[in-house]
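Notes follow once the structure below has been shown.
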Amino acid sequence: MVSESFPDPHPRRLLITGGAGFIGSNFTQYWCENYQSDRVVVLDALTYAGNPQNLANLKARDNFHFVRGNICDRPLVDELLKTEAIETIVHFAAESHVDRSILAPDAFIQTNLVGTFTLLEAFRRHFPRIAENNPLFLHVSTDEVYGSLNPDDPPFTEMTPYAPNSPYSASKAGSDHLARSYFHTYQIPTVITNCSNNYGSYHFPEKLIPLMCINILLGKPLPVYGDGQNVRDWLYVLDHCRALETVIHRGKPGEMYNIGGNHEVKNIDLVKMLCAIVDELASDLPVRPSEQLITFVKDRPGHDRRYAIDATKIKTELGWTPSVTVEEGLRKTVRWYLDNRHWWQPLLSEEYQTYYQKLYGNSVL
Ligand code: NAD
Ligand code: TYD
């Protein structure tokens, strides 16, 4: 089947890095479903955040190939680009959790900076082989590179100066600058997308929305940082996948595109919305109403107050807008976590409990 929105008769050959993670696996599923003639190769190191189960249904396909490996492994990347004749890289692989970057930043520098550099450099060397085939290096980044907004500030545009505040966002900012420099210096067709907080299925349990959802189902405390007034702009993951699809087809090399859900919500309001939805959809909750479980805990160091995206550019230049409201998206997400206990239960492993204890201490155990 060829996508109806973007008829594209020429089959592509894509390398998706980080395709076993949250957004990467949603995107890989989306792409394989809509572009069945394309060759899709996933390169993923399967860190704690990567889960081969997310792609298990694709294993039998002729056009799909999963490689367990590190983006910092240059010989491996060179070999894959060459033997698979890759034309498009969609680069998701990253260490992605701010709290982990505060506890242990080393892996963030290695994967996000050195790993992105390794991919860019390998793609530059590979480029002459595929120069005629509409090549693209799509670097998937975050709105966190822009820093924190005050309540009355206008949302981030592509012109907002970078001001990253955590080791995570600083490492992503550095990788964005590298991607930009490869276009300006070597004319390698890179495009950077900066998106807001995603949510949806296959989201690892330690991030806010899955954490709250699972803790409600288990009757555990719901740890809200600080005063709960921090604001995030929530984007349903499949809307993000559609935005990336649009950028792959219509994006202009050397450009940046902000992608946002146009749904700013305070953390405490979001957690209360989730409580109400889970109370409604789940039949056997240990604690009901689940709002009783909300527990304010010590704030995250350097916690950014507000993120908000102005997505006018991608709307006017490429024709993308988000289609899922936060209420709809949260309901779909809660429904998915209710129906997929077998997916998340094994992830609450000893390693996860150790991480949990280290981050939250005994206050919410
Ligand atoms: P995730 O943590 O769920 O998944 C990351 C994936 O990358 C995992 O499968 C992991 O195994 C893999 N990986 C990590 N290090 C690797 C390495 N060295 N080599 C190969 N694979 C490696 O992340 P996510 O939430 O899916 O985010 C994907 C991308 O989107 C990241 O670049 C992130 O910065 C960006 N982003 C995420 C959000 C969000 O809300 N989740 C928002 C904006 C931007
Ligand atoms: P998170 O999902 O970690 O995304 P990010 O920090 O990249 O925006 O967190 C989203 C918001 O929720 C952020 O303001 C931090 C807050 N938060 C809590 O209040 N409690 C928690 O247990 C977690 C994980 C996050």
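Identifiers for the structure tokens are assigned positionally: chains receive A, B, ... in sequence, residues are indexed from 1 per chain, and ligands are indexed from 1 in the order shown.
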If you take only C-alpha atoms and all ligand atoms and a cut-off of 10 Å, which residues of chain A touch ligand 2, and what are their nearest atom pairs and distances in Å to one decimal, in chain and number order, as JSON lines?
```
{"residue": "A:Ser96", "atom": "CA", "partner": "ligand 2", "partner_atom_place_in_ligand_line": "7 (O)", "distance": 7.6}
{"residue": "A:His97", "atom": "CA", "partner": "ligand 2", "partner_atom_place_in_ligand_line": "3 (O)", "distance": 6.0}
{"residue": "A:Val98", "atom": "CA", "partner": "ligand 2", "partner_atom_place_in_ligand_line": "6 (O)", "distance": 5.4}
{"residue": "A:Asp99", "atom": "CA", "partner": "ligand 2", "partner_atom_place_in_ligand_line": "3 (O)", "distance": 6.5}
{"residue": "A:Arg100", "atom": "CA", "partner": "ligand 2", "partner_atom_place_in_ligand_line": "3 (O)", "distance": 9.1}
{"residue": "A:Thr142", "atom": "CA", "partner": "ligand 2", "partner_atom_place_in_ligand_line": "7 (O)", "distance": 8.7}
{"residue": "A:Asp143", "atom": "CA", "partner": "ligand 2", "partner_atom_place_in_ligand_line": "7 (O)", "distance": 9.2}
{"residue": "A:Glu144", "atom": "CA", "partner": "ligand 2", "partner_atom_place_in_ligand_line": "7 (O)", "distance": 7.3}
{"residue": "A:Ser166", "atom": "CA", "partner": "ligand 2", "partner_atom_place_in_ligand_line": "6 (O)", "distance": 9.5}
{"residue": "A:Tyr168", "atom": "CA", "partner": "ligand 2", "partner_atom_place_in_ligand_line": "7 (O)", "distance": 8.7}
{"residue": "A:Ser169", "atom": "CA", "partner": "ligand 2", "partner_atom_place_in_ligand_line": "7 (O)", "distance": 8.8}
{"residue": "A:Ser196", "atom": "CA", "partner": "ligand 2", "partner_atom_place_in_ligand_line": "8 (O)", "distance": 8.1}
{"residue": "A:Asn197", "atom": "CA", "partner": "ligand 2", "partner_atom_place_in_ligand_line": "8 (O)", "distance": 6.0}
{"residue": "A:Asn198", "atom": "CA", "partner": "ligand 2", "partner_atom_place_in_ligand_line": "2 (O)", "distance": 8.4}
{"residue": "A:Tyr199", "atom": "CA", "partner": "ligand 2", "partner_atom_place_in_ligand_line": "2 (O)", "distance": 8.6}
{"residue": "A:His203", "atom": "CA", "partner": "ligand 2", "partner_atom_place_in_ligand_line": "2 (O)", "distance": 9.7}
{"residue": "A:Phe204", "atom": "CA", "partner": "ligand 2", "partner_atom_place_in_ligand_line": "2 (O)", "distance": 9.7}
{"residue": "A:Pro205", "atom": "CA", "partner": "ligand 2", "partner_atom_place_in_ligand_line": "24 (C)", "distance": 8.9}
{"residue": "A:Glu206", "atom": "CA", "partner": "ligand 2", "partner_atom_place_in_ligand_line": "24 (C)", "distance": 5.9}
{"residue": "A:Lys207", "atom": "CA", "partner": "ligand 2", "partner_atom_place_in_ligand_line": "2 (O)", "distance": 4.0}
{"residue": "A:Leu208", "atom": "CA", "partner": "ligand 2", "partner_atom_place_in_ligand_line": "2 (O)", "distance": 4.0}
{"residue": "A:Ile209", "atom": "CA", "partner": "ligand 2", "partner_atom_place_in_ligand_line": "2 (O)", "distance": 6.6}
{"residue": "A:Pro210", "atom": "CA", "partner": "ligand 2", "partner_atom_place_in_ligand_line": "2 (O)", "distance": 8.5}
{"residue": "A:Leu211", "atom": "CA", "partner": "ligand 2", "partner_atom_place_in_ligand_line": "24 (C)", "distance": 6.8}
{"residue": "A:Met212", "atom": "CA", "partner": "ligand 2", "partner_atom_place_in_ligand_line": "22 (O)", "distance": 7.6}
{"residue": "A:Pro221", "atom": "CA", "partner": "ligand 2", "partner_atom_place_in_ligand_line": "22 (O)", "distance": 9.8}
{"residue": "A:Leu222", "atom": "CA", "partner": "ligand 2", "partner_atom_place_in_ligand_line": "22 (O)", "distance": 7.1}
{"residue": "A:Pro223", "atom": "CA", "partner": "ligand 2", "partner_atom_place_in_ligand_line": "22 (O)", "distance": 4.9}
{"residue": "A:Val224", "atom": "CA", "partner": "ligand 2", "partner_atom_place_in_ligand_line": "19 (O)", "distance": 3.7}
{"residue": "A:Tyr225", "atom": "CA", "partner": "ligand 2", "partner_atom_place_in_ligand_line": "19 (O)", "distance": 3.8}
{"residue": "A:Gly226", "atom": "CA", "partner": "ligand 2", "partner_atom_place_in_ligand_line": "19 (O)", "distance": 7.2}
{"residue": "A:Asp227", "atom": "CA", "partner": "ligand 2", "partner_atom_place_in_ligand_line": "19 (O)", "distance": 8.6}
{"residue": "A:Gly228", "atom": "CA", "partner": "ligand 2", "partner_atom_place_in_ligand_line": "19 (O)", "distance": 6.2}
{"residue": "A:Gln229", "atom": "CA", "partner": "ligand 2", "partner_atom_place_in_ligand_line": "14 (O)", "distance": 8.3}
{"residue": "A:Asn230", "atom": "CA", "partner": "ligand 2", "partner_atom_place_in_ligand_line": "14 (O)", "distance": 5.3}
{"residue": "A:Val231", "atom": "CA", "partner": "ligand 2", "partner_atom_place_in_ligand_line": "14 (O)", "distance": 6.5}
{"residue": "A:Arg232", "atom": "CA", "partner": "ligand 2", "partner_atom_place_in_ligand_line": "8 (O)", "distance": 6.4}
{"residue": "A:Asp233", "atom": "CA", "partner": "ligand 2", "partner_atom_place_in_ligand_line": "8 (O)", "distance": 8.8}
{"residue": "A:Trp234", "atom": "CA", "partner": "ligand 2", "partner_atom_place_in_ligand_line": "8 (O)", "distance": 9.4}
{"residue": "A:Val265", "atom": "CA", "partner": "ligand 2", "partner_atom_place_in_ligand_line": "11 (C)", "distance": 10.0}
{"residue": "A:Lys266", "atom": "CA", "partner": "ligand 2", "partner_atom_place_in_ligand_line": "14 (O)", "distance": 8.3}
{"residue": "A:Asn267", "atom": "CA", "partner": "ligand 2", "partner_atom_place_in_ligand_line": "12 (O)", "distance": 5.8}
{"residue": "A:Ile268", "atom": "CA", "partner": "ligand 2", "partner_atom_place_in_ligand_line": "19 (O)", "distance": 7.7}
{"residue": "A:Leu270", "atom": "CA", "partner": "ligand 2", "partner_atom_place_in_ligand_line": "12 (O)", "distance": 9.1}
{"residue": "A:Val271", "atom": "CA", "partner": "ligand 2", "partner_atom_place_in_ligand_line": "19 (O)", "distance": 8.8}
{"residue": "A:Thr295", "atom": "CA", "partner": "ligand 2", "partner_atom_place_in_ligand_line": "20 (N)", "distance": 9.4}
{"residue": "A:Phe296", "atom": "CA", "partner": "ligand 2", "partner_atom_place_in_ligand_line": "19 (O)", "distance": 8.1}
{"residue": "A:Val297", "atom": "CA", "partner": "ligand 2", "partner_atom_place_in_ligand_line": "20 (N)", "distance": 8.0}
{"residue": "A:Lys298", "atom": "CA", "partner": "ligand 2", "partner_atom_place_in_ligand_line": "19 (O)", "distance": 9.3}
{"residue": "A:Asp299", "atom": "CA", "partner": "ligand 2", "partner_atom_place_in_ligand_line": "19 (O)", "distance": 7.8}
{"residue": "A:Arg300", "atom": "CA", "partner": "ligand 2", "partner_atom_place_in_ligand_line": "15 (C)", "distance": 7.3}
{"residue": "A:His303", "atom": "CA", "partner": "ligand 2", "partner_atom_place_in_ligand_line": "14 (O)", "distance": 6.8}
{"residue": "A:Asp304", "atom": "CA", "partner": "ligand 2", "partner_atom_place_in_ligand_line": "14 (O)", "distance": 6.9}
{"residue": "A:Arg305", "atom": "CA", "partner": "ligand 2", "partner_atom_place_in_ligand_line": "14 (O)", "distance": 7.2}
{"residue": "A:Arg306", "atom": "CA", "partner": "ligand 2", "partner_atom_place_in_ligand_line": "14 (O)", "distance": 7.9}
{"residue": "A:Tyr307", "atom": "CA", "partner": "ligand 2", "partner_atom_place_in_ligand_line": "8 (O)", "distance": 8.0}
{"residue": "A:Tyr356", "atom": "CA", "partner": "ligand 2", "partner_atom_place_in_ligand_line": "22 (O)", "distance": 9.3}
{"residue": "A:Leu359", "atom": "CA", "partner": "ligand 2", "partner_atom_place_in_ligand_line": "22 (O)", "distance": 8.8}
{"residue": "A:Tyr360", "atom": "CA", "partner": "ligand 2", "partner_atom_place_in_ligand_line": "22 (O)", "distance": 8.0}
{"residue": "A:Val364", "atom": "CA", "partner": "ligand 2", "partner_atom_place_in_ligand_line": "22 (O)", "distance": 9.9}
```
Hey, which residues sit close to ligand 1? Say within 6 Å, counting only C-alpha atoms and all ligand atoms, and write them as a PyMOL selection string. chain A and resi 18-24+44-47+49-50+69-72+92-96+111+140-142+195-198
Counting only C-alpha atoms, the option among A:Leu293, A:Val77, A:Val145, A:Ala107 closest to Arg124 of chain A: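 Checking each of A:Leu293, A:Val77, A:Val145, A:Ala107 against Arg124 of chain A, counting only C-alpha atoms, the winner is A:Val77.
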Which of segment 104-330 of chain A counts as helix (DSSP H, G or I) under DSSP, as JSON, numbers by chain please? {"A": [106, 107, 108, 109, 110, 111, 112, 113, 114, 115, 116, 117, 118, 119, 120, 121, 122, 123, 124, 125, 126, 127, 128, 129, 130, 143, 144, 145, 146, 167, 168, 169, 170, 171, 172, 173, 174, 175, 176, 177, 178, 179, 180, 181, 182, 183, 184, 185, 186, 208, 209, 210, 211, 212, 213, 214, 215, 216, 217, 218, 237, 238, 239, 240, 241, 242, 243, 244, 245, 246, 247, 248, 249, 250, 267, 268, 269, 270, 271, 272, 273, 274, 275, 276, 277, 278, 279, 280, 281, 290, 291, 292, 293, 312, 313, 314, 315, 316, 317, 318, 326, 327, 328, 329, 330]}
Find the spatial neighbours of Thr116 of chain A, counting only C-alpha atoms, within a cut-off of 10 Å - ignore same-chain residues fewer than 4 positions away - and output them as a list in words.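 Selected residues are Ile71, Cys72, His91, Phe92, Ala93, Ala94, Ile109, Gln110, Thr111, Asn112, Leu120, Glu121, Ala122, His139, Lys172, Gly174, Ser175, Asp176, Leu178 and Ala179 of chain A.
In this comparison, which uses only C-alpha atoms, the residue of A:Gln292, A:Pro301, A:Thr28, A:Leu138 approaching Val237 of chain A most closely is A:Thr28.
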Distance query segment 319-326 of chain A at most 7 Å, only C-alpha atoms, self and fewer than 6 positions along chain excluded, as a CSV table (one decimal) with all heavy atoms, in the first residue's frame:
```csv
chain,number,residue,atom,x,y,z
A,234,TRP,N,1.4,19.1,25.1
A,234,TRP,CA,1.3,17.6,24.9
A,234,TRP,C,0.9,17.3,23.5
A,234,TRP,O,0.0,17.8,22.9
A,234,TRP,CB,0.4,16.9,25.9
A,234,TRP,CG,1.0,17.0,27.3
A,234,TRP,CD1,0.7,17.9,28.3
A,234,TRP,CD2,2.0,16.2,27.8
A,234,TRP,NE1,1.5,17.7,29.4
A,234,TRP,CE2,2.3,16.6,29.1
A,234,TRP,CE3,2.7,15.1,27.3
A,234,TRP,CZ2,3.3,16.0,29.9
A,234,TRP,CZ3,3.7,14.4,28.1
A,234,TRP,CH2,3.9,14.9,29.4
A,236,TYR,N,0.2,14.1,20.8
A,236,TYR,CA,-0.1,12.6,20.7
A,236,TYR,C,0.9,12.0,19.7
A,236,TYR,O,1.1,12.6,18.6
A,236,TYR,CB,-1.5,12.4,20.2
A,236,TYR,CG,-2.0,11.0,20.2
A,236,TYR,CD1,-1.9,10.3,21.4
A,236,TYR,CD2,-2.4,10.4,19.1
A,236,TYR,CE1,-2.3,8.9,21.4
A,236,TYR,CE2,-2.8,9.1,19.1
A,236,TYR,CZ,-2.8,8.3,20.3
A,236,TYR,OH,-3.2,7.0,20.3
A,239,ASP,N,0.3,11.8,16.0
A,239,ASP,CA,0.4,13.2,15.3
A,239,ASP,C,1.8,13.5,15.0
A,239,ASP,O,2.1,14.1,13.9
A,239,ASP,CB,-0.3,14.2,16.2
A,239,ASP,CG,-1.8,14.4,15.9
A,239,ASP,OD1,-2.2,14.0,14.8
A,239,ASP,OD2,-2.5,14.9,16.8
A,243,ALA,N,3.6,14.2,11.4
A,243,ALA,CA,4.4,15.4,11.1
A,243,ALA,C,5.8,15.0,10.5
A,243,ALA,O,6.2,15.6,9.6
A,243,ALA,CB,4.6,16.2,12.4
A,246,THR,N,5.3,14.1,7.0
A,246,THR,CA,5.2,15.4,6.2
A,246,THR,C,6.6,16.0,5.9
A,246,THR,O,6.9,16.4,4.8
A,246,THR,CB,4.3,16.4,6.9
A,246,THR,OG1,3.1,15.7,7.2
A,246,THR,CG2,4.0,17.6,6.1
A,261,GLY,N,1.7,20.1,20.0
A,261,GLY,CA,0.3,19.6,20.1
A,261,GLY,C,-0.7,20.7,20.2
A,261,GLY,O,-1.9,20.5,20.2
A,263,HIS,N,-1.4,22.1,23.0
A,263,HIS,CA,-2.2,21.7,24.2
A,263,HIS,C,-1.3,22.0,25.4
A,263,HIS,O,-0.7,21.0,25.9
A,263,HIS,CB,-2.6,20.2,24.1
A,263,HIS,CG,-3.6,19.9,23.1
A,263,HIS,ND1,-4.9,20.5,23.1
A,263,HIS,CD2,-3.6,19.1,22.0
A,263,HIS,CE1,-5.6,20.0,22.0
A,263,HIS,NE2,-4.8,19.2,21.4
```
So that I can check the surroundings of Phe123 of chain A, please list as a ChimeraX atom specification every protein, DNA and RNA residue that reaches within 10 Å of it, counting only C-alpha atoms and ignoring chain neighbours fewer than 4 positions away. /A:77-78,81-82,86-89,117-119,127-128,130,135-137,182,188
Atoms kept (N, CA, C and O atoms) for selection, written as a PDB file, in the first residue's frame:
```
ATOM      1  N   VAL A  77      27.842   1.258  11.473  1.00  0.00           N
ATOM      2  CA  VAL A  77      26.994   2.233  10.757  1.00  0.00           C
ATOM      3  C   VAL A  77      27.427   2.312   9.290  1.00  0.00           C
ATOM      4  O   VAL A  77      26.590   2.270   8.371  1.00  0.00           O
ATOM      5  N   ASP A  78      28.734   2.377   9.040  1.00  0.00           N
ATOM      6  CA  ASP A  78      29.238   2.423   7.655  1.00  0.00           C
ATOM      7  C   ASP A  78      28.733   1.227   6.853  1.00  0.00           C
ATOM      8  O   ASP A  78      28.259   1.371   5.728  1.00  0.00           O
ATOM      9  N   LEU A  81      24.903   1.428   6.142  1.00  0.00           N
ATOM     10  CA  LEU A  81      24.556   2.430   5.124  1.00  0.00           C
ATOM     11  C   LEU A  81      24.896   1.897   3.730  1.00  0.00           C
ATOM     12  O   LEU A  81      24.127   2.061   2.782  1.00  0.00           O
ATOM     13  N   LYS A  82      26.039   1.217   3.651  1.00  0.00           N
ATOM     14  CA  LYS A  82      26.494   0.741   2.342  1.00  0.00           C
ATOM     15  C   LYS A  82      25.687  -0.479   1.874  1.00  0.00           C
ATOM     16  O   LYS A  82      25.107  -0.462   0.785  1.00  0.00           O
ATOM     17  N   ILE A  86      21.218   2.852   2.123  1.00  0.00           N
ATOM     18  CA  ILE A  86      20.279   3.749   2.831  1.00  0.00           C
ATOM     19  C   ILE A  86      20.267   5.142   2.201  1.00  0.00           C
ATOM     20  O   ILE A  86      21.324   5.712   1.908  1.00  0.00           O
ATOM     21  N   GLU A  87      19.035   5.681   2.015  1.00  0.00           N
ATOM     22  CA  GLU A  87      18.880   7.032   1.442  1.00  0.00           C
ATOM     23  C   GLU A  87      18.367   8.022   2.484  1.00  0.00           C
ATOM     24  O   GLU A  87      18.605   9.220   2.388  1.00  0.00           O
ATOM     25  N   THR A  88      17.596   7.508   3.435  1.00  0.00           N
ATOM     26  CA  THR A  88      16.966   8.378   4.437  1.00  0.00           C
ATOM     27  C   THR A  88      17.311   7.859   5.826  1.00  0.00           C
ATOM     28  O   THR A  88      17.071   6.673   6.109  1.00  0.00           O
ATOM     29  N   ILE A  89      17.869   8.727   6.657  1.00  0.00           N
ATOM     30  CA  ILE A  89      18.053   8.356   8.070  1.00  0.00           C
ATOM     31  C   ILE A  89      17.022   9.123   8.885  1.00  0.00           C
ATOM     32  O   ILE A  89      16.896  10.350   8.735  1.00  0.00           O
ATOM     33  N   PHE A 117      27.076  12.594  15.961  1.00  0.00           N
ATOM     34  CA  PHE A 117      28.247  12.920  15.141  1.00  0.00           C
ATOM     35  C   PHE A 117      28.655  11.717  14.285  1.00  0.00           C
ATOM     36  O   PHE A 117      28.927  11.843  13.086  1.00  0.00           O
ATOM     37  N   THR A 118      28.676  10.535  14.897  1.00  0.00           N
ATOM     38  CA  THR A 118      29.079   9.314  14.179  1.00  0.00           C
ATOM     39  C   THR A 118      28.155   9.069  12.985  1.00  0.00           C
ATOM     40  O   THR A 118      28.609   8.773  11.878  1.00  0.00           O
ATOM     41  N   LEU A 119      26.854   9.215  13.202  1.00  0.00           N
ATOM     42  CA  LEU A 119      25.890   9.010  12.112  1.00  0.00           C
ATOM     43  C   LEU A 119      26.065  10.040  11.001  1.00  0.00           C
ATOM     44  O   LEU A 119      26.037   9.710   9.815  1.00  0.00           O
ATOM     45  N   PHE A 127      27.276   9.616   1.292  1.00  0.00           N
ATOM     46  CA  PHE A 127      26.436  10.496   0.472  1.00  0.00           C
ATOM     47  C   PHE A 127      26.652  10.367  -1.044  1.00  0.00           C
ATOM     48  O   PHE A 127      25.678  10.272  -1.805  1.00  0.00           O
ATOM     49  N   PRO A 128      27.916  10.353  -1.549  1.00  0.00           N
ATOM     50  CA  PRO A 128      28.098  10.289  -3.004  1.00  0.00           C
ATOM     51  C   PRO A 128      27.405   9.088  -3.644  1.00  0.00           C
ATOM     52  O   PRO A 128      26.955   9.163  -4.793  1.00  0.00           O
ATOM     53  N   ILE A 130      24.504   7.914  -2.960  1.00  0.00           N
ATOM     54  CA  ILE A 130      23.041   8.031  -3.024  1.00  0.00           C
ATOM     55  C   ILE A 130      22.596   9.457  -3.366  1.00  0.00           C
ATOM     56  O   ILE A 130      21.415   9.795  -3.247  1.00  0.00           O
ATOM     57  N   PRO A 135      18.334  12.054  -0.948  1.00  0.00           N
ATOM     58  CA  PRO A 135      18.775  11.662   0.392  1.00  0.00           C
ATOM     59  C   PRO A 135      18.324  12.650   1.470  1.00  0.00           C
ATOM     60  O   PRO A 135      18.123  13.834   1.188  1.00  0.00           O
ATOM     61  N   LEU A 136      18.197  12.140   2.683  1.00  0.00           N
ATOM     62  CA  LEU A 136      17.763  12.995   3.799  1.00  0.00           C
ATOM     63  C   LEU A 136      18.273  12.441   5.121  1.00  0.00           C
ATOM     64  O   LEU A 136      18.207  11.225   5.359  1.00  0.00           O
ATOM     65  N   PHE A 137      18.743  13.344   5.969  1.00  0.00           N
ATOM     66  CA  PHE A 137      19.082  12.994   7.354  1.00  0.00           C
ATOM     67  C   PHE A 137      18.112  13.784   8.229  1.00  0.00           C
ATOM     68  O   PHE A 137      18.255  14.999   8.370  1.00  0.00           O
ATOM     69  N   TYR A 182      26.385  20.297   9.317  1.00  0.00           N
ATOM     70  CA  TYR A 182      26.640  19.397   8.186  1.00  0.00           C
ATOM     71  C   TYR A 182      25.920  19.868   6.928  1.00  0.00           C
ATOM     72  O   TYR A 182      26.353  19.582   5.824  1.00  0.00           O
ATOM     73  N   ILE A 188      25.169  18.458   3.231  1.00  0.00           N
ATOM     74  CA  ILE A 188      24.450  17.216   3.504  1.00  0.00           C
ATOM     75  C   ILE A 188      23.008  17.616   3.856  1.00  0.00           C
ATOM     76  O   ILE A 188      22.804  18.483   4.720  1.00  0.00           O
TER      77      ILE A 188
END
```
From a backbone DSSP assignment, name each residue in segment 61-190 of chain A labelled strand (DSSP E), as a VMD selection string. chain A and resid 64 to 68 88 to 91 136 to 142 190
Those residues you just picked out, can you put them in a file as an mmCIF file, in the first residue's frame with C-alpha atoms?
```cif
data_model
loop_
_atom_site.group_PDB
_atom_site.id
_atom_site.type_symbol
_atom_site.label_atom_id
_atom_site.label_comp_id
_atom_site.auth_asym_id
_atom_site.auth_seq_id
_atom_site.Cartn_x
_atom_site.Cartn_y
_atom_site.Cartn_z
ATOM 1 C CA PHE A 64 12.162 -5.099 7.532
ATOM 2 C CA HIS A 65 15.502 -5.673 9.227
ATOM 3 C CA PHE A 66 16.303 -5.145 12.913
ATOM 4 C CA VAL A 67 19.927 -4.671 13.969
ATOM 5 C CA ARG A 68 20.910 -4.528 17.598
ATOM 6 C CA THR A 88 16.966 8.378 4.437
ATOM 7 C CA ILE A 89 18.053 8.356 8.070
ATOM 8 C CA VAL A 90 15.369 9.073 10.654
ATOM 9 C CA HIS A 91 17.386 9.603 13.809
ATOM 10 C CA LEU A 136 17.763 12.995 3.799
ATOM 11 C CA PHE A 137 19.082 12.994 7.354
ATOM 12 C CA LEU A 138 16.118 13.772 9.609
ATOM 13 C CA HIS A 139 17.318 14.651 13.095
ATOM 14 C CA VAL A 140 14.524 14.304 15.651
ATOM 15 C CA SER A 141 14.990 16.772 18.487
ATOM 16 C CA THR A 142 13.102 18.458 21.275
ATOM 17 C CA THR A 190 19.787 17.544 7.103
#
```
Counting only C-alpha atoms, which of A:Gly254, A:Pro161, A:Pro151, A:Gly200 gets nearest to Arg335 of chain A?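 So, comparing all the options, the nearest one is A:Gly200.
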Leaving out segment 341-350 of chain A and any residue of its chain fewer than 4 positions from it, which residues lie within 9 Å of it when counting only C-alpha atoms, given as a PDB file with C-alpha atoms, in the first residue's frame?
```
ATOM      1  CA  TYR A  48      16.613   0.066  29.222  1.00  0.00           C
ATOM      2  CA  GLN A  53       8.510  -6.428  21.681  1.00  0.00           C
ATOM      3  CA  ASN A  54       7.528  -3.047  20.229  1.00  0.00           C
ATOM      4  CA  TYR A 202       4.643   2.016  24.152  1.00  0.00           C
ATOM      5  CA  PHE A 204       8.337   3.600  28.946  1.00  0.00           C
ATOM      6  CA  PRO A 205       6.790   3.586  32.460  1.00  0.00           C
ATOM      7  CA  ILE A 214       0.414   2.624  35.953  1.00  0.00           C
ATOM      8  CA  TRP A 336      -3.881   1.123  25.748  1.00  0.00           C
ATOM      9  CA  TYR A 337      -2.253   0.793  29.210  1.00  0.00           C
ATOM     10  CA  THR A 354      16.304   0.663  41.904  1.00  0.00           C
ATOM     11  CA  TYR A 355      15.950   3.670  39.612  1.00  0.00           C
TER      12      TYR A 355
END
```
With only C-alpha atoms as the counted atoms, please give the residues lying no more than 7 Å from Asn165 of chain A, apart from itself and same-chain residues fewer than 3 positions off, as a compact mmCIF listing (two decimals) with all heavy atoms, in the first residue's frame.
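Contents of the output file selection39.txt:
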```txt
# COMPACT_ATOMS: atom_id res chain seq x y z
N GLY A 147 14.98 26.02 26.22
CA GLY A 147 14.95 26.47 27.62
C GLY A 147 13.54 26.62 28.15
O GLY A 147 12.63 25.94 27.69
N SER A 169 18.92 18.33 27.63
CA SER A 169 18.63 19.30 26.57
C SER A 169 19.91 19.90 26.00
O SER A 169 19.97 20.21 24.81
CB SER A 169 17.68 20.39 27.06
OG SER A 169 18.13 20.99 28.24
N ALA A 170 20.96 20.00 26.84
CA ALA A 170 22.24 20.52 26.32
C ALA A 170 22.83 19.55 25.31
O ALA A 170 23.36 19.95 24.27
CB ALA A 170 23.21 20.75 27.48
N GLY A 302 16.62 22.44 38.66
CA GLY A 302 16.61 23.17 37.39
C GLY A 302 15.37 22.93 36.54
O GLY A 302 15.40 23.12 35.33
```
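Remark: for Leu235 of chain A, the closest of the candidate residues A:Asp62, A:Phe108, A:Asn194, A:Asn262 is A:Asn262 (distances computed over only C-alpha atoms).
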So, with only C-alpha atoms as the atoms that count, which of A:Cys241, A:Leu149, A:Ile216, A:Ala173 lies closest to Cys32 of chain A? A:Cys241
Quick one, how far is atom CA of Lys358 of chain A from atom CA of Asn51 of chain A? 22.7 Å
Rounded to one decimal in Å, what is the spacing between atom CA of Val42 of chain A and atom CA of Leu338 of chain A? 28.0 Å
Using only C-alpha atoms, pick whichever of A:Pro286, A:Pro105, A:Gly115, A:Gly329 has the shortest atom-to-atom distance to Asp73 of chain A.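 When distances to Asp73 of chain A are compared using only C-alpha atoms, the smallest one comes from A:Gly115.
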Mind giving me the straight-line distance from atom CA of Asp153 of chain A to atom CA of Ala308 of chain A in Å, one decimal? 9.2 Å
